[in-house]
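Peer 1: Below you'll find the structure I mean.
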Amino acid sequence: MSHDQSDVEVQNREQLIQTKEHRIALDCILTGIEAAQPENVINSQVEVNNAVLSINETEYDLDQFSRVLVIGGGNAAGRVAKSLEELIQRHITDGIIVTDNPVELSAISCVQGSHPVPNQSAVEGTKQVLDLARAADKDDLIITIITGGGSALLPAPVNNISLSELQEVTSNLLTSGATIGEINTVRKHLSAIKGGQLARAAAPARAVGLVFSDVVGNDLSTIASGPLASDETTFNDALTVLDWYEITPPESVYMHLDQGRQGKCEETPTSDMQCFDRVDTHILADNRTAIQAAENYATDKGYETLILSSSIRGEAREVAKVHVGVAEEIISSGHPVEPPAVLLSGGETTVTVQGSGDGGPSQEFAVSAALEIDDSRIIVSSVDTDGIDGSVNVAGGIVDKSVKEKLSHRKLRSALNCNDAYKVLESVNATIKTGQTGTNVNDLRAIVVAE
């Protein structure tokens with residue numbers, strides 16, 4: 001599949017293509033993002049024949065249900081909903097999804113929320129999602145769209161916790177260096193929808209989850225904080241995360257979690273509960289979807305390829321050093337593959353924020369890589385597949401030896417110290433700008449090693 005088929009493009013493409021290798025790196029990235037586009041994923045894995053909906057060979061006779069409802073949220077939820085409408089619109093009774101990338105829908109309402117920190121619109125949209133689920137009965141089918149970004153876009157704060165307090169905790173967690181699993185442990189216990197609570201609200205209806213995973217390992221309880229998945233974490237676990245990362249939450253947040261720890265609030269549902277008896281979940285796309293498409297593209301262009309892993313995690317700046325080290329080994333010894341080669345990886349790196357600059361993990365990865373590159377044959381590209389990396393409207397960055405020559409070791413090091421990767425990459429036209437891509441399957445990196 002060529003990236004030319006997609007409406008996702010690098011807006012500053014001409015500035016970035018200095019060599020054939022730069023073009024290959026960018027096109028690997030775009031091809032990967034294209035493969036994870038909801039339209040392509042739905043068309044390849046979901047079909048309808050004579051009112052029978054087939055998802056990965058599991059069949060649902062739509063005529064057997066009193067109502068068919070479509071609910072959910074996430075970065076890609078709008079595009080997934082649109083593709084579903086094209087397949088089964090005449091069967092859809094009602095629906096509502098919450099996304100930060102809204103599209104025009106017919107049978108389903110589309111509410112625009114914000115990501116990665118929730119806003120009031122998302123709170124109101126999530127309330128409508130829950131209301132629709134709670135009103136369903138055993139003869140109804142609830143198709144639930146769950147994609148990356150769903151944790152922020154389906155907030156549903158509980159008890160007396162205000163949106164601003166939820167925003168404060170979320171922001172502090174996102175900059176603490178906590179893993180997505182740890183962040184979601186807290187989120188689940190401050191929400192009325194996460195951690196299997198949507199399944200509890202939907203029971204006894206038949207619930208079918210359509211999942212686009214942005215989580216390493218595809219843990220259903222972590223993707224969008226697992227609205228349809230059982231949750232083994234506890235209120236005590238949530239408090240432990242806040243304590244470990246030295247986050248002092250607002251008093252209402254602490255009080256709620258502490259009351260939960262004392263057994264005064266209902267825990268998130270565990271796997272032995274009946275609310276999951278009529279829940280099916282299908283993972284339709286994940287990081288490997290993007291990586292395998294990128295690998296096929298590179299192979300077609302005559303490059304040796306190596307998928308390092310789709311499960312890379314850790315501090316972005318440290319992970320970058322390892323990637324450059326593998327590229328150097330290819331040049332010096334021809335191992336583990338001969339040049340010309342393309343190394344591919346995915347996963348979710350993190351940044352422990354110490355400074356007040358701009359840029360997310362993919363840009364920080366690029367800056368750290370630029371510090372390490374001493375050979376002009378190495379080109380490193382790194383993006384977040386949703387097109388938004390951190391606090392700025394860029395997907396990531398692409399770097400080579402010339403970046404260090406233009407900027408100096410000192411400027412790059414200073415940018416890392418201040419967490420200001422965006423400014424230095426932008427100053428040398430090394431940011432990758434796609435805008436919102438309409439999907440989200442985690443980070444994607446392509447390292448090209450020329451002959």
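Ligands are numbered from 1 in the order shown, residues from 1 within each chain, and chains are lettered A, B, ... in the order they appear in the structure tokens.
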For the contact check between region 160-183 of chain A and region 119-122 of chain A, emit one row per residue of region 160-183 of chain A within 12 Å, containing the shortest atom pair and the distance in Å rounded to one decimal, counting only C-alpha atoms, chain then rising number order, as CSV.
Peer 2:
residue,atom,partner,partner_atom,distance
A:Ser162,CA,A:Gln120,CA,9.9
A:Leu163,CA,A:Gln120,CA,6.9
A:Ser164,CA,A:Asn119,CA,8.5
A:Glu165,CA,A:Asn119,CA,11.2
A:Leu166,CA,A:Asn119,CA,9.5
A:Gln167,CA,A:Asn119,CA,7.9
A:Glu168,CA,A:Asn119,CA,11.5
A:Thr170,CA,A:Asn119,CA,11.4
Peer 1: Using DSSP on the backbone coordinates, identify the residues of region 210-396 of chain A assigned to helix (DSSP H, G or I); present them as a VMD selection string.
Peer 2: chain A and resid 216 to 218 223 to 225 235 to 244 251 to 261 274 to 276 287 to 300 316 to 333 361 to 372
Peer 1: Skipping near chain neighbours, those fewer than 2 positions away, what residues fall within 9 Å of Asp286 (chain A) using only C-alpha atoms, listed as an MDAnalysis selection string?
Peer 2: chainID A and resid 36 211:216 218 283:284 288:290 440:442
Peer 1: Quick one: write out the picked residues with all heavy atoms as a short mmCIF file (atom, residue, chain, number, x, y, z; two decimals), in the first residue's frame?
Peer 2:
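Result file follows (selection14.cif):
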data_model
loop_
_atom_site.label_atom_id
_atom_site.label_comp_id
_atom_site.auth_asym_id
_atom_site.auth_seq_id
_atom_site.Cartn_x
_atom_site.Cartn_y
_atom_site.Cartn_z
N ALA A 36 -2.99 2.07 9.17
CA ALA A 36 -3.80 2.11 10.39
C ALA A 36 -4.97 3.08 10.29
O ALA A 36 -5.66 3.33 11.28
CB ALA A 36 -2.91 2.50 11.58
N VAL A 211 -11.56 -2.10 18.68
CA VAL A 211 -10.43 -1.46 19.35
C VAL A 211 -9.30 -1.14 18.38
O VAL A 211 -8.86 -1.99 17.61
CB VAL A 211 -9.90 -2.36 20.49
CG1 VAL A 211 -8.70 -1.72 21.17
CG2 VAL A 211 -11.00 -2.64 21.51
N PHE A 212 -8.83 0.10 18.44
CA PHE A 212 -7.59 0.52 17.80
C PHE A 212 -6.61 0.78 18.94
O PHE A 212 -6.78 1.72 19.71
CB PHE A 212 -7.79 1.80 16.99
CG PHE A 212 -8.45 1.60 15.65
CD1 PHE A 212 -9.72 1.04 15.56
CD2 PHE A 212 -7.81 1.95 14.48
CE1 PHE A 212 -10.35 0.85 14.34
CE2 PHE A 212 -8.42 1.76 13.25
CZ PHE A 212 -9.69 1.21 13.18
N SER A 213 -5.59 -0.07 19.04
CA SER A 213 -4.72 -0.04 20.22
C SER A 213 -3.56 0.94 20.08
O SER A 213 -2.84 0.92 19.08
CB SER A 213 -4.16 -1.44 20.49
OG SER A 213 -3.16 -1.38 21.48
N ASP A 214 -3.38 1.77 21.08
CA ASP A 214 -2.19 2.62 21.17
C ASP A 214 -1.36 2.24 22.39
O ASP A 214 -0.63 3.06 22.94
CB ASP A 214 -2.59 4.10 21.24
CG ASP A 214 -3.29 4.45 22.55
OD1 ASP A 214 -3.90 3.55 23.16
OD2 ASP A 214 -3.22 5.62 22.97
N VAL A 215 -1.47 0.98 22.80
CA VAL A 215 -0.82 0.52 24.03
C VAL A 215 0.10 -0.65 23.73
O VAL A 215 -0.30 -1.60 23.04
CB VAL A 215 -1.89 0.11 25.08
CG1 VAL A 215 -1.27 -0.62 26.25
CG2 VAL A 215 -2.66 1.34 25.56
N VAL A 216 1.32 -0.60 24.24
CA VAL A 216 2.27 -1.70 24.09
C VAL A 216 1.67 -2.97 24.69
O VAL A 216 1.20 -2.97 25.83
CB VAL A 216 3.60 -1.36 24.79
CG1 VAL A 216 4.50 -2.58 24.86
CG2 VAL A 216 4.31 -0.22 24.07
N ASN A 218 -1.07 -4.40 23.79
CA ASN A 218 -2.52 -4.46 23.54
C ASN A 218 -3.33 -4.87 24.77
O ASN A 218 -4.33 -5.58 24.67
CB ASN A 218 -2.85 -5.41 22.39
CG ASN A 218 -2.30 -4.91 21.06
OD1 ASN A 218 -1.98 -3.74 20.91
ND2 ASN A 218 -2.18 -5.81 20.10
N ILE A 283 -9.62 -6.49 18.60
CA ILE A 283 -8.54 -5.54 18.30
C ILE A 283 -8.35 -5.52 16.79
O ILE A 283 -7.92 -6.51 16.19
CB ILE A 283 -7.24 -5.92 19.02
CG1 ILE A 283 -7.43 -5.82 20.53
CG2 ILE A 283 -6.09 -5.00 18.57
CD1 ILE A 283 -6.23 -6.25 21.35
N LEU A 284 -8.69 -4.41 16.17
CA LEU A 284 -8.66 -4.31 14.71
C LEU A 284 -7.33 -3.76 14.19
O LEU A 284 -6.92 -4.08 13.07
CB LEU A 284 -9.81 -3.41 14.22
CG LEU A 284 -11.23 -3.85 14.58
CD1 LEU A 284 -12.24 -2.93 13.92
CD2 LEU A 284 -11.48 -5.30 14.17
N ARG A 288 1.70 -2.88 15.36
CA ARG A 288 2.27 -3.79 14.37
C ARG A 288 1.60 -3.60 13.00
O ARG A 288 2.23 -3.83 11.96
CB ARG A 288 2.12 -5.24 14.85
CG ARG A 288 2.83 -6.25 13.98
CD ARG A 288 3.10 -7.52 14.72
NE ARG A 288 4.24 -7.40 15.63
CZ ARG A 288 5.51 -7.53 15.23
NH1 ARG A 288 5.80 -7.77 13.98
NH2 ARG A 288 6.48 -7.42 16.11
N THR A 289 0.35 -3.17 12.98
CA THR A 289 -0.32 -2.86 11.72
C THR A 289 0.50 -1.84 10.93
O THR A 289 0.74 -2.00 9.73
CB THR A 289 -1.73 -2.28 11.97
OG1 THR A 289 -2.47 -3.17 12.82
CG2 THR A 289 -2.49 -2.06 10.68
N ALA A 290 0.94 -0.79 11.62
CA ALA A 290 1.72 0.27 10.98
C ALA A 290 3.13 -0.21 10.63
O ALA A 290 3.63 0.06 9.53
CB ALA A 290 1.79 1.49 11.91
N ASN A 440 -4.51 6.40 15.66
CA ASN A 440 -3.57 6.48 16.79
C ASN A 440 -3.19 5.05 17.19
O ASN A 440 -3.95 4.36 17.85
CB ASN A 440 -4.22 7.20 17.98
CG ASN A 440 -3.26 7.38 19.15
OD1 ASN A 440 -2.14 6.87 19.13
ND2 ASN A 440 -3.69 8.10 20.17
N VAL A 441 -2.01 4.63 16.73
CA VAL A 441 -1.51 3.30 17.10
C VAL A 441 -0.09 3.40 17.67
O VAL A 441 0.76 2.57 17.40
CB VAL A 441 -1.56 2.31 15.90
CG1 VAL A 441 -2.99 1.94 15.56
CG2 VAL A 441 -0.84 2.87 14.68
N ASN A 442 0.14 4.47 18.44
CA ASN A 442 1.41 4.62 19.14
C ASN A 442 2.50 5.25 18.28
O ASN A 442 2.26 5.75 17.20
CB ASN A 442 1.89 3.29 19.73
CG ASN A 442 1.81 3.28 21.24
OD1 ASN A 442 1.70 4.32 21.86
ND2 ASN A 442 1.85 2.11 21.82
#
Peer 1: What are the nearest atom pairs, with distances in Å to one decimal, for all residues of region 254-355 of chain A that come at most 8 Å from region 407-419 of chain A, using only C-alpha atoms, set out by chain and rising residue number as CSV?
Peer 2:
residue,atom,partner,partner_atom,distance
A:Val353,CA,A:Asn419,CA,6.4
A:Gln354,CA,A:Cys418,CA,6.6
A:Gly355,CA,A:Cys418,CA,4.1
Peer 1: Excluding region 254-267 of chain A and any residue of its chain fewer than 2 positions from it, enumerate the residues within 8 Å of it, using only C-alpha atoms, and give them as a list in words.
Peer 2: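 The filter keeps Asn159, His189, Leu190, Thr234, Phe235, Asn236, Ala238, Leu239, Pro249, Pro250, Glu251, Ser252 and Pro269 of chain A.
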Peer 1: Would you return as a PyMOL selection string the members of region 144-241 of chain A that DSSP assigns to strand (DSSP E or B) on this structure's backbone?
Peer 2: chain A and resi 144-147+157+191+206-212
